[in-house]
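> Before anything else, here's the structure in question.
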Amino acid sequence: MKVHEYQAKALLREFGVAVPKGDVADTPAQAKEIAQRLGGRTVVKAQVHAGGRGKGGGIKLADDPAGAEAAAKQILGMMLKTPQTPPEGIKVRTVLVEEASAIDRELYLSMTLDRGRSTHVVMASQAGGMDIEDVAAKTPEKIVREWTHPAIGLTDFQARRLAFGLGLAGDQFRQGVALIKALFALYLAKDCSLAEINPLVVTKDGRVFALDAKLNFDDNALFRHKELVELRDVHEEDPLDVEASKYGLNYIKLDGNVGCMVNGAGLAMATMDIVKIAGGEPANFLDVGGGASPEQIENAFRIISSDPSVKAIFINVFGGILRVDRLAEGIIAAVRKLGLTLPVVLRAEGTNVELGKKMLAESGLALTMADDMGDGARKAVAFAKGQK
Ligand code: GDP
Ligand code: MN
């Protein structure tokens with residue numbers, strides 16, 4: 001799960017990570033009022049779940065409250081386009097108004113899980129404010145890394161090595177070490193999958209703080225963080241993904257036109273591969289789960305078919321815990337309610353497969369049976385391309 005910069009900064013503040021003073025606004029008048037309270041120059045920042053906002057016109061500096069109001073007027077409601085947003089952009093609903101910083105240096109700091117080493121890695125670089133993937137590709141020596149011990153965590157000497165790597169000295173070094181340790185404490189306590197500060201800044205008057213903040217949380221740990229679940233902004237998520245998560249379905253929308261309805265993540269991956277081999281493009285990844293109920297099948301079917309880019313549906317199931325007759329029950333119920341007209345190709349094996357196929361054959365549904373996965377994928381792709 002992702003959160004907005006202003007929400008991330010509130011958490012940072014709670015854990016003692018230095019951030020600029022500021023507040024959120026959803027109207028230009030509020031932005032003006034916040035700027036008045038802060039005094040001096042301010043920066044108005046679009047709050048969307050995507051980076052690169054600076055280049056997309058989502059970050060504006062203002063000299064006075066009237067300027068902050070004008071900036072907020074421009075940013076609020078805009079469809080912000082950055083390299084990280086969908087092509088049409090994301091609508092901006094809130095802005096963060098902060099005291100502007102006189103920046104001396106822009107640094108980079110992040111922490112995430114290194115699956116290869118089975119532990120957390122903390123990364124620091126003096127090349128802040130830019131695309132870190134570029135830095136990693138072109139000048140990897142500019143990134144300093146420290147891997148933490150799972151039982152010990154980040155030690156003081158590691159935090160100091162990172163701060164040295166950032167080129168900090170004297171009082172800034174002390175601020176840097178404290179900030180790195182505080183951020184790591186937050187990262188662990190809140191089960192983050194990523195904490196990224198880009199840029200971490202050193203100001204002209206010698207202060208070190210997080211100018212930007214990005215926190216991602218491990219969805220599998222959200223059950224123990226009710227306070228984080230409340231920060232979720234469903235506006236920022238694909239509506240079909242939101243709908244699917246309500247029913248406990250593992251659904252990810254993709255760019256193709258062959259809707260895939262599959263049980264089991266491994267089979268879902270294999271199905272996407274085989275659709276591609278057959279010359280098509282999957283419209284989604286969907287794992288209804290091993291023990292899906294007819295209701296879940298019905299919801300999954302509704303979600304796939306409400307995606308306008310879907311031109312054919314390929315059902316590929318192995319009836320283990322999910323019996324094929326229960327799958328059939330769900331599909332038939334969904335089609336009755338939805339009045340579905342899309343072509344559907346079915347490949348099913350496993351428990352009660354004969355009964356399930358019989359129920360589907362007798363349902364009056366325009367269903368094409370497949371002999372195996374390859375055959376099913378070829379038939380579904382042909383339908384999607386209008387060749388059948
Ligand atoms: P992002 O583009 O979405 O990652 O947004 P950031 O919060 O990282 O801001 C992008 C860039 O805007 C930073 O790297 C800074 O160069 C600039 N910026 C943001 N806030 C300020 C500020 O208060 N003062 C100055 N001078 N520049 C700022
Ligand atoms: Mn940034």
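Identifiers for the structure tokens are assigned positionally: chains receive A, B, ... in sequence, residues are indexed from 1 per chain, and ligands are indexed from 1 in the order shown.
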Compute the set of protein, DNA and RNA residues whose minimum atom distance to ligand 2 is at most 8 Å, using only C-alpha atoms and all ligand atoms, and state it as a list in words.
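For ligand 2, the residues inside 8 Å are Gly51, Gly52, Arg53, Gly54, Gly129, Met130, Ile197, Asn198, Pro199, Leu211, Asp212, Ala213 and Lys214 of chain A.
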> Could you write out the selected residues, including all heavy atoms, as a PDB file, in the first residue's frame?

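The resulting file, result.pdb, is shown below:
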```
ATOM      1  N   GLY A  51       5.876   9.821  -8.329  1.00  0.00           N
ATOM      2  CA  GLY A  51       6.990  10.750  -8.223  1.00  0.00           C
ATOM      3  C   GLY A  51       7.159  11.526  -9.518  1.00  0.00           C
ATOM      4  O   GLY A  51       6.345  11.425 -10.427  1.00  0.00           O
ATOM      5  N   GLY A  52       8.244  12.312  -9.580  1.00  0.00           N
ATOM      6  CA  GLY A  52       8.512  13.105 -10.778  1.00  0.00           C
ATOM      7  C   GLY A  52       7.566  14.283 -10.906  1.00  0.00           C
ATOM      8  O   GLY A  52       7.390  14.844 -11.987  1.00  0.00           O
ATOM      9  N   ARG A  53       6.959  14.680  -9.778  1.00  0.00           N
ATOM     10  CA  ARG A  53       5.944  15.741  -9.825  1.00  0.00           C
ATOM     11  C   ARG A  53       6.548  17.077 -10.219  1.00  0.00           C
ATOM     12  O   ARG A  53       5.897  17.895 -10.862  1.00  0.00           O
ATOM     13  CB  ARG A  53       5.258  15.861  -8.453  1.00  0.00           C
ATOM     14  CG  ARG A  53       4.454  14.655  -8.076  1.00  0.00           C
ATOM     15  CD  ARG A  53       4.150  14.676  -6.598  1.00  0.00           C
ATOM     16  NE  ARG A  53       5.385  14.687  -5.809  1.00  0.00           N
ATOM     17  CZ  ARG A  53       5.451  14.950  -4.520  1.00  0.00           C
ATOM     18  NH1 ARG A  53       4.358  15.261  -3.856  1.00  0.00           N
ATOM     19  NH2 ARG A  53       6.605  14.921  -3.885  1.00  0.00           N
ATOM     20  N   GLY A  54       7.798  17.289  -9.798  1.00  0.00           N
ATOM     21  CA  GLY A  54       8.475  18.550 -10.094  1.00  0.00           C
ATOM     22  C   GLY A  54       8.436  18.839 -11.589  1.00  0.00           C
ATOM     23  O   GLY A  54       7.998  19.906 -12.013  1.00  0.00           O
ATOM     24  N   GLY A 129      17.860  13.893  -5.564  1.00  0.00           N
ATOM     25  CA  GLY A 129      17.010  14.753  -6.382  1.00  0.00           C
ATOM     26  C   GLY A 129      16.843  14.271  -7.804  1.00  0.00           C
ATOM     27  O   GLY A 129      16.063  14.827  -8.557  1.00  0.00           O
ATOM     28  N   MET A 130      17.575  13.233  -8.189  1.00  0.00           N
ATOM     29  CA  MET A 130      17.389  12.726  -9.546  1.00  0.00           C
ATOM     30  C   MET A 130      16.925  11.285  -9.518  1.00  0.00           C
ATOM     31  O   MET A 130      16.735  10.697  -8.463  1.00  0.00           O
ATOM     32  CB  MET A 130      18.655  12.886 -10.369  1.00  0.00           C
ATOM     33  CG  MET A 130      19.945  12.537  -9.661  1.00  0.00           C
ATOM     34  SD  MET A 130      21.323  12.917 -10.747  1.00  0.00           S
ATOM     35  CE  MET A 130      22.130  14.234  -9.877  1.00  0.00           C
ATOM     36  N   ILE A 197      13.688   8.717   0.748  1.00  0.00           N
ATOM     37  CA  ILE A 197      13.762  10.167   0.919  1.00  0.00           C
ATOM     38  C   ILE A 197      14.596  10.706  -0.249  1.00  0.00           C
ATOM     39  O   ILE A 197      15.811  10.547  -0.272  1.00  0.00           O
ATOM     40  CB  ILE A 197      14.464  10.534   2.247  1.00  0.00           C
ATOM     41  CG1 ILE A 197      13.838   9.800   3.447  1.00  0.00           C
ATOM     42  CG2 ILE A 197      14.450  12.048   2.470  1.00  0.00           C
ATOM     43  CD1 ILE A 197      12.382  10.076   3.684  1.00  0.00           C
ATOM     44  N   ASN A 198      13.918  11.309  -1.203  1.00  0.00           N
ATOM     45  CA  ASN A 198      14.623  11.834  -2.377  1.00  0.00           C
ATOM     46  C   ASN A 198      13.981  13.132  -2.835  1.00  0.00           C
ATOM     47  O   ASN A 198      12.949  13.113  -3.473  1.00  0.00           O
ATOM     48  CB  ASN A 198      14.583  10.811  -3.516  1.00  0.00           C
ATOM     49  CG  ASN A 198      15.481  11.213  -4.665  1.00  0.00           C
ATOM     50  OD1 ASN A 198      16.396  12.005  -4.491  1.00  0.00           O
ATOM     51  ND2 ASN A 198      15.215  10.697  -5.849  1.00  0.00           N
ATOM     52  N   PRO A 199      14.554  14.263  -2.472  1.00  0.00           N
ATOM     53  CA  PRO A 199      15.842  14.412  -1.816  1.00  0.00           C
ATOM     54  C   PRO A 199      15.767  14.552  -0.300  1.00  0.00           C
ATOM     55  O   PRO A 199      14.793  15.033   0.254  1.00  0.00           O
ATOM     56  CB  PRO A 199      16.350  15.716  -2.415  1.00  0.00           C
ATOM     57  CG  PRO A 199      15.109  16.536  -2.604  1.00  0.00           C
ATOM     58  CD  PRO A 199      14.022  15.555  -2.936  1.00  0.00           C
ATOM     59  N   LEU A 211      13.077  16.382   2.437  1.00  0.00           N
ATOM     60  CA  LEU A 211      12.276  17.326   1.646  1.00  0.00           C
ATOM     61  C   LEU A 211      11.121  16.590   0.967  1.00  0.00           C
ATOM     62  O   LEU A 211      10.054  17.146   0.752  1.00  0.00           O
ATOM     63  CB  LEU A 211      13.146  18.012   0.594  1.00  0.00           C
ATOM     64  CG  LEU A 211      12.496  19.214  -0.081  1.00  0.00           C
ATOM     65  CD1 LEU A 211      12.471  20.408   0.863  1.00  0.00           C
ATOM     66  CD2 LEU A 211      13.209  19.582  -1.363  1.00  0.00           C
ATOM     67  N   ASP A 212      11.357  15.345   0.592  1.00  0.00           N
ATOM     68  CA  ASP A 212      10.307  14.517  -0.005  1.00  0.00           C
ATOM     69  C   ASP A 212      10.281  13.222   0.806  1.00  0.00           C
ATOM     70  O   ASP A 212      11.269  12.883   1.475  1.00  0.00           O
ATOM     71  CB  ASP A 212      10.641  14.229  -1.475  1.00  0.00           C
ATOM     72  CG  ASP A 212       9.464  13.621  -2.229  1.00  0.00           C
ATOM     73  OD1 ASP A 212       8.354  13.566  -1.665  1.00  0.00           O
ATOM     74  OD2 ASP A 212       9.653  13.195  -3.390  1.00  0.00           O
ATOM     75  N   ALA A 213       9.168  12.508   0.762  1.00  0.00           N
ATOM     76  CA  ALA A 213       9.080  11.253   1.516  1.00  0.00           C
ATOM     77  C   ALA A 213       8.132  10.292   0.830  1.00  0.00           C
ATOM     78  O   ALA A 213       7.029  10.663   0.436  1.00  0.00           O
ATOM     79  CB  ALA A 213       8.581  11.520   2.931  1.00  0.00           C
ATOM     80  N   LYS A 214       8.610   9.083   0.663  1.00  0.00           N
ATOM     81  CA  LYS A 214       7.774   8.050   0.056  1.00  0.00           C
ATOM     82  C   LYS A 214       7.826   6.817   0.953  1.00  0.00           C
ATOM     83  O   LYS A 214       8.906   6.317   1.257  1.00  0.00           O
ATOM     84  CB  LYS A 214       8.348   7.729  -1.324  1.00  0.00           C
ATOM     85  CG  LYS A 214       7.613   6.669  -2.090  1.00  0.00           C
ATOM     86  CD  LYS A 214       8.195   6.600  -3.490  1.00  0.00           C
ATOM     87  CE  LYS A 214       7.601   5.468  -4.276  1.00  0.00           C
ATOM     88  NZ  LYS A 214       8.196   5.398  -5.613  1.00  0.00           N
TER      89      LYS A 214
END
```
> Extract, using only C-alpha atoms, all DNA, RNA and protein residues at most 10 Å from Ala312 in chain A, discarding same-chain residues fewer than 5 positions from it, and format them as a list in words.
Asn257, Val258, Gly259, Cys260, Pro282, Ala283, Ile304, Ser305, Thr341, Leu342, Pro343, Val344, Val345, Lys379, Ala380, Val381, Ala382, Phe383, Ala384, Lys385 and Gly386 of chain A
> What are the closest atom pairs, with distances in Å to one decimal, for each residue of chain A lying within 10 Å of ligand 1, using only C-alpha atoms and all ligand atoms, rows by chain and rising residue number, as a Markdown table?

```
| residue | atom | partner | partner_atom_place_in_ligand_line | distance |
| --- | --- | --- | --- | --- |
| A:Glu5 | CA | ligand 1 | 7 (O) | 8.2 |
| A:Pro20 | CA | ligand 1 | 23 (O) | 8.3 |
| A:Arg41 | CA | ligand 1 | 23 (O) | 8.5 |
| A:Thr42 | CA | ligand 1 | 23 (O) | 6.8 |
| A:Val43 | CA | ligand 1 | 23 (O) | 5.3 |
| A:Val44 | CA | ligand 1 | 20 (N) | 8.1 |
| A:Lys45 | CA | ligand 1 | 7 (O) | 7.3 |
| A:Ala46 | CA | ligand 1 | 3 (O) | 8.3 |
| A:Gln47 | CA | ligand 1 | 3 (O) | 8.8 |
| A:Val48 | CA | ligand 1 | 3 (O) | 8.6 |
| A:His49 | CA | ligand 1 | 3 (O) | 8.9 |
| A:Ala50 | CA | ligand 1 | 3 (O) | 6.5 |
| A:Gly51 | CA | ligand 1 | 3 (O) | 3.6 |
| A:Gly52 | CA | ligand 1 | 2 (O) | 3.6 |
| A:Arg53 | CA | ligand 1 | 3 (O) | 3.7 |
| A:Gly54 | CA | ligand 1 | 2 (O) | 3.8 |
| A:Lys55 | CA | ligand 1 | 2 (O) | 6.3 |
| A:Gly56 | CA | ligand 1 | 2 (O) | 7.9 |
| A:Gly57 | CA | ligand 1 | 2 (O) | 9.1 |
| A:Gly58 | CA | ligand 1 | 3 (O) | 7.7 |
| A:Ile59 | CA | ligand 1 | 12 (O) | 6.5 |
| A:Lys60 | CA | ligand 1 | 19 (C) | 7.9 |
| A:Leu61 | CA | ligand 1 | 22 (C) | 6.9 |
| A:Ala62 | CA | ligand 1 | 23 (O) | 9.6 |
| A:Thr82 | CA | ligand 1 | 3 (O) | 8.5 |
| A:Gln84 | CA | ligand 1 | 3 (O) | 9.3 |
| A:Val97 | CA | ligand 1 | 23 (O) | 9.6 |
| A:Glu98 | CA | ligand 1 | 23 (O) | 7.2 |
| A:Glu99 | CA | ligand 1 | 23 (O) | 6.4 |
| A:Ala100 | CA | ligand 1 | 23 (O) | 3.5 |
| A:Ser101 | CA | ligand 1 | 23 (O) | 3.9 |
| A:Ala102 | CA | ligand 1 | 26 (N) | 5.3 |
| A:Ile103 | CA | ligand 1 | 26 (N) | 5.5 |
| A:Asp104 | CA | ligand 1 | 26 (N) | 8.8 |
| A:Arg105 | CA | ligand 1 | 16 (O) | 9.3 |
| A:Glu106 | CA | ligand 1 | 14 (O) | 6.8 |
| A:Leu107 | CA | ligand 1 | 14 (O) | 9.1 |
| A:Gly128 | CA | ligand 1 | 14 (O) | 7.5 |
| A:Gly129 | CA | ligand 1 | 14 (O) | 4.1 |
| A:Met130 | CA | ligand 1 | 14 (O) | 7.0 |
| A:Asp131 | CA | ligand 1 | 4 (O) | 8.7 |
| A:Ile197 | CA | ligand 1 | 8 (O) | 8.0 |
| A:Asn198 | CA | ligand 1 | 8 (O) | 5.4 |
| A:Pro199 | CA | ligand 1 | 8 (O) | 5.5 |
| A:Leu200 | CA | ligand 1 | 8 (O) | 8.7 |
| A:Val201 | CA | ligand 1 | 14 (O) | 8.8 |
| A:Thr203 | CA | ligand 1 | 24 (N) | 9.3 |
| A:Ala210 | CA | ligand 1 | 7 (O) | 9.0 |
| A:Leu211 | CA | ligand 1 | 7 (O) | 5.9 |
| A:Asp212 | CA | ligand 1 | 7 (O) | 4.2 |
| A:Ala213 | CA | ligand 1 | 7 (O) | 7.4 |
| A:Lys214 | CA | ligand 1 | 4 (O) | 8.9 |
```
> List the neighbours of range 11-13 of chain A out to 9 Å using only C-alpha atoms; skip same-chain residues closer than 5 positions along the sequence, and give me the result as a PyMOL selection string.
chain A and resi 6+18-19+182-183+186+210+213
> Check the DSSP output for the backbone and give back, as a list in words, the residues of range 165-250 of chain A in strand (DSSP E).
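Of range 165-250 of chain A, only Cys192, Ser193, Leu194, Ala195, Glu196, Ile197, Asn198, Pro199, Leu200, Val201, Val202, Thr203, Val208, Phe209, Ala210, Lys214, Leu215, Asn216, Phe217 and Asn250 of chain A fall in strand (DSSP E).
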> Write out as a ChimeraX atom specification each polymer residue whose atoms come within 12 Å of Pro294 in chain A, counting only C-alpha atoms; drop sequence neighbours fewer than 3 positions from it.
/A:247,288-289,291,297-301,322-334
> If we count only C-alpha atoms and set the cut-off at 9 Å, which residues sit around Arg378 in chain A, ignoring sequence neighbours fewer than 4 positions away in its own chain? Please answer as a list in words.
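Near Arg378 in chain A, the qualifying residues are Ile274, Val275, Ile277, Ala278, Gly279, Gly280, Met373, Gly374, Ala382 and Phe383 of chain A.
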> Can you pull out the residues contacting Arg207 in chain A? Cut-off 9 Å, using only C-alpha atoms, and skip same-chain residues under 2 positions away; I want them as a list in words.
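My list of contacting residues is Asp171, Gln172, Gln175, Val201, Val202, Thr203, Lys204, Asp205 and Phe209 of chain A.
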> Can those selected residues be exported to a file as a PDB file, in the first residue's frame so that it contains N, CA and C atoms?

```
ATOM      1  N   ASP A 171      28.148  19.048  12.588  1.00  0.00           N
ATOM      2  CA  ASP A 171      26.798  18.980  13.126  1.00  0.00           C
ATOM      3  C   ASP A 171      25.832  18.315  12.139  1.00  0.00           C
ATOM      4  N   GLN A 172      26.071  18.527  10.840  1.00  0.00           N
ATOM      5  CA  GLN A 172      25.216  17.889   9.835  1.00  0.00           C
ATOM      6  C   GLN A 172      25.365  16.373   9.879  1.00  0.00           C
ATOM      7  N   GLN A 175      23.161  15.212  12.666  1.00  0.00           N
ATOM      8  CA  GLN A 175      21.758  15.257  12.225  1.00  0.00           C
ATOM      9  C   GLN A 175      21.453  14.091  11.278  1.00  0.00           C
ATOM     10  N   VAL A 201      17.734  16.811   2.144  1.00  0.00           N
ATOM     11  CA  VAL A 201      18.472  18.037   1.829  1.00  0.00           C
ATOM     12  C   VAL A 201      19.327  18.554   2.976  1.00  0.00           C
ATOM     13  N   VAL A 202      20.375  19.258   2.570  1.00  0.00           N
ATOM     14  CA  VAL A 202      21.151  20.075   3.488  1.00  0.00           C
ATOM     15  C   VAL A 202      20.834  21.504   3.062  1.00  0.00           C
ATOM     16  N   THR A 203      20.328  22.304   4.006  1.00  0.00           N
ATOM     17  CA  THR A 203      19.958  23.671   3.648  1.00  0.00           C
ATOM     18  C   THR A 203      21.160  24.600   3.797  1.00  0.00           C
ATOM     19  N   LYS A 204      21.006  25.792   3.248  1.00  0.00           N
ATOM     20  CA  LYS A 204      22.096  26.777   3.308  1.00  0.00           C
ATOM     21  C   LYS A 204      22.431  27.129   4.763  1.00  0.00           C
ATOM     22  N   ASP A 205      21.409  27.015   5.650  1.00  0.00           N
ATOM     23  CA  ASP A 205      21.697  27.311   7.063  1.00  0.00           C
ATOM     24  C   ASP A 205      22.053  26.045   7.860  1.00  0.00           C
ATOM     25  N   PHE A 209      17.215  17.596   6.498  1.00  0.00           N
ATOM     26  CA  PHE A 209      15.865  17.014   6.684  1.00  0.00           C
ATOM     27  C   PHE A 209      15.325  16.406   5.395  1.00  0.00           C
TER      28      PHE A 209
END
```
> Please return, as an MDAnalysis selection string, all residues of range 287-320 of chain A that DSSP assigns to alpha helix (DSSP H) on the basis of the backbone.
chainID A and resid 294:305
> Choose the residue, out of A:Glu236, A:Asp255, A:Asp375, A:Asp273, that has the smallest atom-to-atom separation from Gly89 in chain A; count only C-alpha atoms.
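Among the listed residues, the smallest separation from Gly89 in chain A belongs to A:Glu236.
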> What gap, in Å, lies between CA of Asp372 in chain A and CA of Phe314 in chain A?
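Separation between CA of Asp372 in chain A and CA of Phe314 in chain A: 11.8 Å.
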> Between A:Leu96, A:Ala29, A:Arg347, A:Met78, single out the one closest to Ala66 in chain A, counting only C-alpha atoms.
A:Ala29
> State, in Å with one decimal place, the distance from CA of Phe285 in chain A to CA of Leu249 in chain A.
10.3 Å
> Could you check how far CA of Leu231 in chain A sits from CA of Ala10 in chain A, in Å to one decimal?
11.1 Å
